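To start, the structure itself, in structure tokens.
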Amino acid sequence: MKTGIVMEGGAMRGMFTCGVLDVLMENGITFDGAIGVSAGATFGCNLKSGQIGRALRYNKKYCSDKRYHSIRSLITTGDIYNVPFCYNELPYKLDKWDLDAFANSPMEFYCVATDVRTGKAVYHKCMTGEKKDIIWIQASASMPLVSRPVEIDGGLYLDGGTSDSIPLKFMEGLGYDKILVIETQPKDYVKGKQKFMPLIKFVFRKYPDMVRSMKDRHLMYNEEKRYIREKEEKGEIEVIRPKEPLNISPIEKNPEELERVYQLGRTAGEEYLKATT
């Protein structure tokens with residue numbers, strides 16, 4: 001039996017995931033493999049390195065720091081989350097990602113990005129946490145319209161949530177047969193149509209497949225939610241999700257709000273452990 005965990009994105013809704021993961025790590029719960037999308041990748045990588053509390057710590061410390069995220073960064077660089085700070089200075093200098101622990105962990109860790117040219121999901125296996133891996137994680141978390149496409153080996157990539165928001169089927173395809181899914185929306189959440197299609201069509205006018213993927217994202221997302229509910233009701237997977245909408249800004253600057261959502265994740269994680277042990 002291969003155990004796996006799937007982590008949805010959602011920008012700072014990912015603080016919920018952080019709370020769940022910290023509870024799991026504190027209780028010695030491990031997995032053979034993990035996959036994260038967007039914030040599920042940027043925060044979920046700490047599961048492989050075993051760094052309890054790290055994601056909450058640095059987010060609370062830097063959430064109001066203009067070097068982390070700001071409208072100014074978006075205007076001046078094209079990225080609302082400042083790339084040099086988020087993917088170089090922070091993980092390698094200010095609050096270090098434990099690369100030795102990450103590389104030595106037997107857990108397989110994947111992140112998902114969207115190929116801008118095809119509009120399809122691409123899955124990268126992170127091995128060491130070094131530069132190539134962090135660039136893929138950056139691509140996974142680069143939200144369209146507020147981030148520049150990330151160039152990797154001649155390709156262009158953006159947020160994995162556009163093409164595969166909750167990649168349960170991918171993990172099943174790898175042979176993982178005991179899977180925990182962490183969602184960041186309530187069970188009955190239904191995603192609506194993309195509101196910014198005129199702007200998307202203009203910005204991505206050279207990439208019609210990306211436009212199509214963004215136009216149809218709500219259909220993909222709602223189908224994935226339906227599939228997860230169906231598998232959950234059959235007892236084939238386990239799911240941890242918030243009971244109510246988390247109502248937190250994608251660029252939340254209030255540390256207390258980050259803590260609030262993190263604690264909701266901790267509570268959900270503790271309830272999961274009580275129910276399964």
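We label chains A, B, ... in the order they appear in the structure tokens, count residues from 1 in each chain, and number ligands from 1 in the order shown.
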
Next on the checklist: If you run DSSP on the backbone here, which positions in region 68-106 of chain A get helix (DSSP H, G or I)? Please write them as a ChimeraX atom specification.
Outcome noted: /A:71-77,83-94,99-104

Next on the checklist: Neighbouring residues of Arg13 (chain A) were defined as those with any atom within 6 Å, considering only C-alpha atoms; residues of the same chain fewer than 3 positions away were excluded. Please report them as a ChimeraX atom specification.
Outcome noted: /A:10,16,184

Checklist entry - Taking only C-alpha atoms into account, which of A:Glu183, A:Val203, A:Val211, A:Thr118 comes nearest Lys243 (chain A)? => result A:Glu183

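The smallest atom-to-atom distance between Gly160 (chain A) and any of A:Asn88, A:Thr42, A:Gln263, A:Asn27, using only C-alpha atoms, is found for A:Thr42.
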
Checklist entry - What are the DSSP strand (DSSP E or B) residues of region 39-224 of chain A, as number ranges by chain? => result A: 69, 81, 108-115, 121-126, 150-152, 155-159, 178-182

Next on the checklist: I'd like the contact shell of Gln138 (chain A) - 10 Å cut-off, only C-alpha atoms, skipping same-chain residues fewer than 3 positions apart - returned as a list in words.
Outcome noted: Ser38, Ala39, Ala41, Thr42, Tyr81, Val83, Cys86, Tyr87, Cys111, Ala113, Lys132, Asp133, Ile134, Ile135, Ala141, Ser142, Met143, Pro149, Val150, Tyr157, Leu158 and Asp159 of chain A

Prev. selection, C-alpha atoms, output as a tab-separated table (two decimals), in the first residue's frame:
chain	number	residue	atom	x	y	z
A	38	SER	CA	0.16	26.57	-5.94
A	39	ALA	CA	0.08	27.39	-2.20
A	41	ALA	CA	3.23	23.38	-3.10
A	42	THR	CA	4.86	26.45	-1.53
A	81	TYR	CA	4.58	38.20	-4.94
A	83	VAL	CA	10.11	36.72	-6.89
A	86	CYS	CA	9.94	34.87	-2.05
A	87	TYR	CA	12.02	32.30	-3.92
A	111	CYS	CA	4.14	20.16	-7.76
A	113	ALA	CA	2.15	23.95	-13.07
A	132	LYS	CA	15.36	23.83	-10.39
A	133	ASP	CA	12.79	22.67	-7.84
A	134	ILE	CA	12.13	26.13	-6.41
A	135	ILE	CA	11.52	27.50	-9.91
A	141	ALA	CA	2.13	29.36	-7.46
A	142	SER	CA	2.32	32.10	-10.14
A	143	MET	CA	-1.27	33.30	-10.42
A	149	PRO	CA	4.92	33.35	-16.81
A	150	VAL	CA	7.91	31.43	-15.46
A	157	TYR	CA	4.40	28.06	-16.95
A	158	LEU	CA	1.85	29.49	-14.52
A	159	ASP	CA	-0.36	28.41	-11.61

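Coordinates place CA of Glu238 (chain A) at a distance of 4.8 Å from CA of Leu180 (chain A).
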
Next on the checklist: Residues near Ile228 (chain A), anyone? I mean within 9 Å using only C-alpha atoms, not counting same-chain ones fewer than 3 positions away, as a ChimeraX atom specification.
Outcome noted: /A:166,168,181,223-225,231-233,237,239

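Nearest to Cys45 (chain A) of all the residues A:Gly154, A:Gly14, A:Gly129, A:Pro255 is A:Gly129, counting only C-alpha atoms.
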
Next on the checklist: Can you pull out the residues contacting Asp115 (chain A)? Cut-off 8 Å, using only C-alpha atoms, and skip same-chain residues under 3 positions away; I want them as a ChimeraX atom specification.
Outcome noted: /A:118-122,155-158,210

Keeping only all heavy atoms, take the residues you just selected and write them out as an mmCIF file, in the first residue's frame.
data_model
loop_
_atom_site.group_PDB
_atom_site.id
_atom_site.type_symbol
_atom_site.label_atom_id
_atom_site.label_comp_id
_atom_site.auth_asym_id
_atom_site.auth_seq_id
_atom_site.Cartn_x
_atom_site.Cartn_y
_atom_site.Cartn_z
ATOM 1 N N THR A 118 0.093 25.239 -23.976
ATOM 2 C CA THR A 118 -0.887 24.171 -24.221
ATOM 3 C C THR A 118 -2.107 24.264 -23.315
ATOM 4 O O THR A 118 -3.140 23.640 -23.600
ATOM 5 C CB THR A 118 -0.249 22.790 -24.020
ATOM 6 O OG1 THR A 118 0.076 22.617 -22.620
ATOM 7 C CG2 THR A 118 1.008 22.630 -24.863
ATOM 8 N N GLY A 119 -1.989 24.987 -22.210
ATOM 9 C CA GLY A 119 -3.066 25.069 -21.230
ATOM 10 C C GLY A 119 -3.225 23.819 -20.394
ATOM 11 O O GLY A 119 -4.183 23.680 -19.639
ATOM 12 N N LYS A 120 -2.246 22.907 -20.493
ATOM 13 C CA LYS A 120 -2.352 21.617 -19.797
ATOM 14 C C LYS A 120 -1.433 21.557 -18.576
ATOM 15 O O LYS A 120 -0.446 22.275 -18.489
ATOM 16 C CB LYS A 120 -2.020 20.480 -20.760
ATOM 17 C CG LYS A 120 -3.031 20.348 -21.892
ATOM 18 C CD LYS A 120 -2.681 19.175 -22.808
ATOM 19 C CE LYS A 120 -3.722 19.026 -23.917
ATOM 20 N NZ LYS A 120 -3.407 17.895 -24.829
ATOM 21 N N ALA A 121 -1.777 20.655 -17.673
ATOM 22 C CA ALA A 121 -1.000 20.486 -16.445
ATOM 23 C C ALA A 121 0.322 19.777 -16.726
ATOM 24 O O ALA A 121 0.389 18.864 -17.556
ATOM 25 C CB ALA A 121 -1.803 19.697 -15.428
ATOM 26 N N VAL A 122 1.356 20.210 -16.013
ATOM 27 C CA VAL A 122 2.664 19.571 -16.044
ATOM 28 C C VAL A 122 3.042 19.267 -14.601
ATOM 29 O O VAL A 122 2.879 20.108 -13.706
ATOM 30 C CB VAL A 122 3.725 20.492 -16.688
ATOM 31 C CG1 VAL A 122 5.093 19.834 -16.659
ATOM 32 C CG2 VAL A 122 3.333 20.833 -18.118
ATOM 33 N N GLY A 155 10.147 26.536 -21.887
ATOM 34 C CA GLY A 155 8.695 26.547 -21.744
ATOM 35 C C GLY A 155 8.235 27.679 -20.848
ATOM 36 O O GLY A 155 9.029 28.269 -20.113
ATOM 37 N N LEU A 156 6.942 27.988 -20.898
ATOM 38 C CA LEU A 156 6.357 29.029 -20.068
ATOM 39 C C LEU A 156 5.265 28.417 -19.199
ATOM 40 O O LEU A 156 4.397 27.691 -19.709
ATOM 41 C CB LEU A 156 5.762 30.143 -20.936
ATOM 42 C CG LEU A 156 6.743 30.932 -21.796
ATOM 43 C CD1 LEU A 156 5.983 31.896 -22.700
ATOM 44 C CD2 LEU A 156 7.737 31.705 -20.922
ATOM 45 N N TYR A 157 5.296 28.725 -17.892
ATOM 46 C CA TYR A 157 4.395 28.057 -16.952
ATOM 47 C C TYR A 157 3.781 29.039 -15.965
ATOM 48 O O TYR A 157 4.396 30.038 -15.583
ATOM 49 C CB TYR A 157 5.156 26.966 -16.201
ATOM 50 C CG TYR A 157 5.774 25.937 -17.112
ATOM 51 C CD1 TYR A 157 7.079 26.093 -17.567
ATOM 52 C CD2 TYR A 157 5.048 24.838 -17.550
ATOM 53 C CE1 TYR A 157 7.654 25.168 -18.432
ATOM 54 C CE2 TYR A 157 5.605 23.911 -18.412
ATOM 55 C CZ TYR A 157 6.908 24.081 -18.845
ATOM 56 O OH TYR A 157 7.456 23.173 -19.706
ATOM 57 N N LEU A 158 2.559 28.722 -15.536
ATOM 58 C CA LEU A 158 1.851 29.487 -14.518
ATOM 59 C C LEU A 158 1.141 28.528 -13.570
ATOM 60 O O LEU A 158 1.292 27.310 -13.653
ATOM 61 C CB LEU A 158 0.855 30.446 -15.179
ATOM 62 C CG LEU A 158 1.435 31.736 -15.777
ATOM 63 C CD1 LEU A 158 0.386 32.461 -16.620
ATOM 64 C CD2 LEU A 158 1.972 32.666 -14.685
ATOM 65 N N MET A 210 -4.341 28.401 -23.481
ATOM 66 C CA MET A 210 -4.350 28.903 -22.104
ATOM 67 C C MET A 210 -5.658 29.654 -21.837
ATOM 68 O O MET A 210 -6.270 29.497 -20.775
ATOM 69 C CB MET A 210 -3.150 29.819 -21.860
ATOM 70 C CG MET A 210 -3.019 30.304 -20.422
ATOM 71 S SD MET A 210 -2.648 28.949 -19.280
ATOM 72 C CE MET A 210 -2.421 29.875 -17.747
#
